[in-house]
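**Q** Attaching a single structure in structure tokens format; questions to follow.
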Amino acid sequence: MKPFEFTRRSVRNLQTKLALLLLVPTALIVAGLLVLFRQNLNQAFFQQYVEEGLLLSSVVEQRLAFYGELPDNTAIEEILEQDLRERPSYAQLALFGPRGELVARVSNGPPVNGEMSADADVMGVFSSRSAAVTVEPADQPGATGKLLETASPIMINGRVVAVLESYRPLDASQLMVDQLMREVEVAGPSGIAVLIVMLFAGISYLVIRPVRQLQRAAEEIAKGHYTLRLPVSGADELARLAGAFNQMAQSVETSMQQQKGLNAQLATLNTIAAELARSLDLPFLLDRLAEGIGHLVGAEGVIIYLIDPQSRQIRRVHTRGVEVEEAGRTGDVREKGLFGLSIRTRQSLMIEDVRDHPSVAETPPHQPPFGTLLLLPLAAGDTPFGVVVAGRPADAAPFQYADLGAVQSLVLFGSTAIEKALLYEQSQELAVTDGLTGLFNHREFQRRLNDEMERNQRYGHPFSLLLVDIDHFKLVNDHHGHLAGDAVLRALAGSIQDSIRMIDIAARYGGEEIAVILPETPLEGARVVADRLRASIASLRLTVPSGQAVSCTVSVGVAVVPEDADRRERLIDAADKALYLAKWTGRNCVKTYRDFLKFRQSSPV
């Protein structure tokens, strides 16, 4: 079934129905009132003349009854002359036979010939009813001006034997009443028409005009003008209908505004989801996710923690619009107060006012401080690998559950994209790193060394190469087993990583040898770094899988570009010769290629 619509056709149908329902009964009522009005005028002004006619007819009736039968014309004339002497100016008596035929007519004026006038028949005197009408002068001989005619029946033994007609002139007041009655008779239909028109105009103003306004308003709402409202005046049904329409329009406007907001959110979600799906660049994904959350729900700051799935240790922190102090960037995320709450509960959470939450005291400092939070876990299946924190300041409106739902959808897309980027990053790391030590593998070492050589040739920047070899490593494997040897290699690699800069490059060169590239480092600086590495490793006390304590030392060879070599192969050879010298001269020491050259010159061999 189609919903009802206000159209021009429906309005016209409503007009027709209102006219039929209201105008026709009104017209009938008005016509009836006019008839009653005319009858009341007749009754009021002419009743005295009817009564006078009845009185005269009763007198004549008594005299006729006195004779016992109808007298002749001469007797009747005498009766009329005697009884009508002070009566109206003109009177006549019509006598009828047993079958209603006219047998004689006498009057107190000139004789009247012919049949009885039609007026008497119209007035229904033969039904024993008296009446009064007005007649024109031409209807009666010798009469001037308008006349009032009364006609009364005369009955003997229950039969109408005669009709007494009398005529008298009308005075000014009577003429006015008579004229009014005639005008009412003439103006009745036109008056009804005028009343109908006036009534229709009133209905149009009071009923149809508001309905048309409602129709036009509905059409404007259908065109998208949702702010339109109807004026409400009065307390009738149409006013209540206008009020209900305004409420409906307000609801539609609110719904459309909400729908626009949802559409904007969906558009943002689709755009960001498409961008996240196309990229494997982890920094870009984290930044785009944080930006999208801020735009989607008006978050002033966003923090994204990436954690180790097993230990929950923080691996990476990405922020947008907020700064987190160092205390909030390391350690177990579950110990970070509100920031770790989502990992502890494994749920998405909304905190309207962080000041009332018991975990706010353990939350790491950050600027600007948040007053309301959204907390959502990043997860691969049931295993969380990160946390998203979105916040607004304390003086801003708190988040709503609709905001949490919108961010959940975006974080779901982000979790999938970030998980793929992490897997890709891990695969890339596996391709360039050594599985045992976590350092770069030999192939990656050669590539990085080649890059540094090209940079030196282009810009002239010096750099150094260290070759580190574990002293007597074979004895460790022989005495404690290969598992102990692997543990020693991992410990040395970790110690070396902790002792060098972020820009320095450590790689497993082969077996128990580790190579370290020191960009922007001349010979003296390289010697200092190498000696620090040696001392740090010598101080290590390692516990191998068998439970025994093991210590070891290393020998280090140093070569520098451009002093010692101008090509990659020559540089490696120079560092290797310096390492050979360190082992030859007693191990647990640092030697440079220059030391090797001096030693060769002074050696008799």
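Please note that chains go A, B, ... in the order of the structure tokens, that every chain numbers its residues from 1, and that ligands are numbered from 1 in the order shown.
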Which polymer residues have any atom within 10 Å of an atom of Ala361 (chain A), counting only C-alpha atoms, with same-chain residues fewer than 6 positions away left out, as a ChimeraX atom specification?
**A** /A:336-338,354-355
**Q** Do you have the CA of Leu376 (chain A)-CA of Ser255 (chain A) distance handy?
**A** 28.6 Å
**Q** As a PDB file with C-alpha atoms, in the first residue's frame, which residues of region 349-593 of chain A does DSSP assign to strand (DSSP E)?
**A**
```pdb
ATOM      1  CA  LEU A 349      36.661   0.566  26.535  1.00  0.00           C
ATOM      2  CA  MET A 350      35.359   4.124  26.852  1.00  0.00           C
ATOM      3  CA  ILE A 351      36.269   6.218  29.887  1.00  0.00           C
ATOM      4  CA  HIS A 366      51.772  12.796  28.657  1.00  0.00           C
ATOM      5  CA  GLN A 367      51.077  16.208  27.191  1.00  0.00           C
ATOM      6  CA  THR A 372      38.198  11.258  28.248  1.00  0.00           C
ATOM      7  CA  LEU A 373      39.576   8.158  26.521  1.00  0.00           C
ATOM      8  CA  LEU A 374      38.832   5.438  23.988  1.00  0.00           C
ATOM      9  CA  LEU A 375      40.947   2.285  24.447  1.00  0.00           C
ATOM     10  CA  LEU A 376      41.029  -0.447  21.807  1.00  0.00           C
ATOM     11  CA  PRO A 377      43.280  -3.494  21.385  1.00  0.00           C
ATOM     12  CA  LEU A 378      45.039  -4.278  18.106  1.00  0.00           C
ATOM     13  CA  ALA A 379      44.772  -8.039  17.709  1.00  0.00           C
ATOM     14  CA  ALA A 380      45.518 -10.879  15.335  1.00  0.00           C
ATOM     15  CA  THR A 383      46.201 -12.455  20.352  1.00  0.00           C
ATOM     16  CA  PRO A 384      46.706  -8.720  20.991  1.00  0.00           C
ATOM     17  CA  PHE A 385      49.808  -7.133  19.509  1.00  0.00           C
ATOM     18  CA  GLY A 386      49.040  -3.483  20.240  1.00  0.00           C
ATOM     19  CA  VAL A 387      46.863  -0.852  21.904  1.00  0.00           C
ATOM     20  CA  VAL A 388      45.191   2.255  20.459  1.00  0.00           C
ATOM     21  CA  VAL A 389      44.560   5.166  22.851  1.00  0.00           C
ATOM     22  CA  ALA A 390      42.439   8.116  21.630  1.00  0.00           C
ATOM     23  CA  GLY A 391      41.849  11.086  23.928  1.00  0.00           C
ATOM     24  CA  ARG A 392      40.252  14.490  24.313  1.00  0.00           C
ATOM     25  CA  PHE A 463      84.505   5.380   7.971  1.00  0.00           C
ATOM     26  CA  SER A 464      86.028   2.400   9.751  1.00  0.00           C
ATOM     27  CA  LEU A 465      85.600  -1.367   9.739  1.00  0.00           C
ATOM     28  CA  LEU A 466      86.082  -3.653  12.785  1.00  0.00           C
ATOM     29  CA  LEU A 467      86.510  -7.415  12.556  1.00  0.00           C
ATOM     30  CA  VAL A 468      85.884  -9.127  15.925  1.00  0.00           C
ATOM     31  CA  ASP A 469      86.874 -12.766  16.525  1.00  0.00           C
ATOM     32  CA  ILE A 470      86.233 -14.843  19.674  1.00  0.00           C
ATOM     33  CA  ILE A 505      76.134  -1.593  11.530  1.00  0.00           C
ATOM     34  CA  ALA A 506      76.948  -4.942  13.190  1.00  0.00           C
ATOM     35  CA  ALA A 507      76.836  -8.186  11.162  1.00  0.00           C
ATOM     36  CA  ARG A 508      77.826 -11.822  11.549  1.00  0.00           C
ATOM     37  CA  TYR A 509      80.684 -12.137   9.091  1.00  0.00           C
ATOM     38  CA  GLY A 510      81.120 -15.854   9.443  1.00  0.00           C
ATOM     39  CA  GLU A 513      83.567 -13.495  13.513  1.00  0.00           C
ATOM     40  CA  ILE A 514      81.506 -10.311  13.790  1.00  0.00           C
ATOM     41  CA  ALA A 515      82.017  -7.234  11.583  1.00  0.00           C
ATOM     42  CA  VAL A 516      81.135  -3.681  12.637  1.00  0.00           C
ATOM     43  CA  ILE A 517      80.881  -0.708  10.223  1.00  0.00           C
ATOM     44  CA  LEU A 518      81.399   2.702  11.891  1.00  0.00           C
ATOM     45  CA  PRO A 519      80.176   5.511   9.547  1.00  0.00           C
ATOM     46  CA  LEU A 542      77.936 -16.304  30.942  1.00  0.00           C
ATOM     47  CA  THR A 543      75.978 -19.297  32.170  1.00  0.00           C
ATOM     48  CA  ALA A 549      79.938 -20.279  34.008  1.00  0.00           C
ATOM     49  CA  VAL A 550      81.891 -19.307  30.910  1.00  0.00           C
ATOM     50  CA  VAL A 554      87.906 -11.225  21.621  1.00  0.00           C
ATOM     51  CA  SER A 555      90.558  -9.930  19.261  1.00  0.00           C
ATOM     52  CA  VAL A 556      89.708  -6.906  17.093  1.00  0.00           C
ATOM     53  CA  GLY A 557      91.189  -5.730  13.806  1.00  0.00           C
ATOM     54  CA  VAL A 558      90.618  -2.140  12.577  1.00  0.00           C
ATOM     55  CA  ALA A 559      90.895  -0.642   9.076  1.00  0.00           C
ATOM     56  CA  VAL A 560      89.952   2.880   7.898  1.00  0.00           C
ATOM     57  CA  VAL A 561      88.789   4.423   4.591  1.00  0.00           C
ATOM     58  CA  VAL A 590      92.935  -4.334  19.330  1.00  0.00           C
ATOM     59  CA  LYS A 591      95.222  -3.872  16.323  1.00  0.00           C
ATOM     60  CA  THR A 592      94.966  -1.549  13.305  1.00  0.00           C
TER      61      THR A 592
END
```
**Q** Of the candidates A:Ala222, A:Met256, A:Val333, A:Ala299, which one gets nearest to Arg320 (chain A) if we count only C-alpha atoms?
**A**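 Among A:Ala222, A:Met256, A:Val333, A:Ala299, it is A:Ala299 that comes nearest to Arg320 (chain A).
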**Q** Give me, please, the distance in Å between CA of Leu436 (chain A) and CA of Asp576 (chain A), quoted to one decimal.
**A**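 According to the coordinates, CA of Leu436 (chain A) and CA of Asp576 (chain A) are separated by 22.9 Å.
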**Q** For Asn270 (chain A), find every residue with an atom within 12 Å (counting only C-alpha atoms), except residues of its own chain fewer than 4 positions away, and show them as a list in words.
**A**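 Using only C-alpha atoms, the neighbours found are Asn263, Ala264, Gln265, Leu266, Ala274, Glu275, Leu276, Ala277, Gly292, Leu296, Ala406, Ser409, Leu410, Phe413 and Gly414 of chain A.
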**Q** Store the residues picked out above, limited to C-alpha atoms, as an mmCIF file, in the first residue's frame.
**A**
```cif
data_model
loop_
_atom_site.group_PDB
_atom_site.id
_atom_site.type_symbol
_atom_site.label_atom_id
_atom_site.label_comp_id
_atom_site.auth_asym_id
_atom_site.auth_seq_id
_atom_site.Cartn_x
_atom_site.Cartn_y
_atom_site.Cartn_z
ATOM 1 C CA ASN A 263 27.677 8.937 5.716
ATOM 2 C CA ALA A 264 30.689 11.151 6.411
ATOM 3 C CA GLN A 265 32.032 8.569 8.862
ATOM 4 C CA LEU A 266 31.512 5.774 6.341
ATOM 5 C CA ALA A 274 41.506 1.567 1.187
ATOM 6 C CA GLU A 275 44.763 3.359 2.025
ATOM 7 C CA LEU A 276 45.604 0.893 4.800
ATOM 8 C CA ALA A 277 44.920 -2.079 2.550
ATOM 9 C CA GLY A 292 41.959 8.783 10.734
ATOM 10 C CA LEU A 296 36.650 10.398 12.738
ATOM 11 C CA ALA A 406 33.137 4.045 14.741
ATOM 12 C CA SER A 409 35.477 -0.432 12.778
ATOM 13 C CA LEU A 410 38.573 1.583 11.823
ATOM 14 C CA PHE A 413 40.847 -2.472 9.391
ATOM 15 C CA GLY A 414 44.023 -1.123 10.975
#
```
**Q** Between A:Val322, A:Ile503, A:Val302, A:Leu241, which has the minimum distance to Thr521 (chain A) (counting only C-alpha atoms)?
**A**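 Checking each candidate against Thr521 (chain A), we get A:Ile503 as the closest.
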**Q** What is the CA of Glu300 (chain A) to CA of Phe399 (chain A) distance in Å?
**A**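 According to the coordinates, CA of Glu300 (chain A) and CA of Phe399 (chain A) are separated by 11.7 Å.
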**Q** A:Leu430, A:Gln400, A:Asn450, A:Leu540: which is nearest Leu571 (chain A), counting only C-alpha atoms?
**A**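 Using only C-alpha atoms, Leu571 (chain A) sits closest to A:Asn450.
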**Q** As a PyMOL selection string, please: the residues near Ser539 (chain A) (cut-off 8 Å, only C-alpha atoms, same-chain neighbours under 3 positions excluded).
**A** chain A and resi 535-536+551
**Q** Output the selection as a JSON list (two decimals), in the first residue's frame - N, CA and C atoms for each residue.
**A**
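Saved as selection_30.json:
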```json
[["chain", "number", "residue", "atom", "x", "y", "z"],
["A", 535, "ALA", "N", 86.74, -4.71, 26.03],
["A", 535, "ALA", "CA", 86.65, -4.69, 27.50],
["A", 535, "ALA", "C", 85.28, -5.15, 27.97],
["A", 536, "SER", "N", 84.25, -4.74, 27.26],
["A", 536, "SER", "CA", 82.89, -5.12, 27.66],
["A", 536, "SER", "C", 82.70, -6.63, 27.57],
["A", 551, "SER", "N", 83.51, -17.57, 30.46],
["A", 551, "SER", "CA", 83.97, -16.23, 30.08],
["A", 551, "SER", "C", 84.83, -16.36, 28.84]]
```
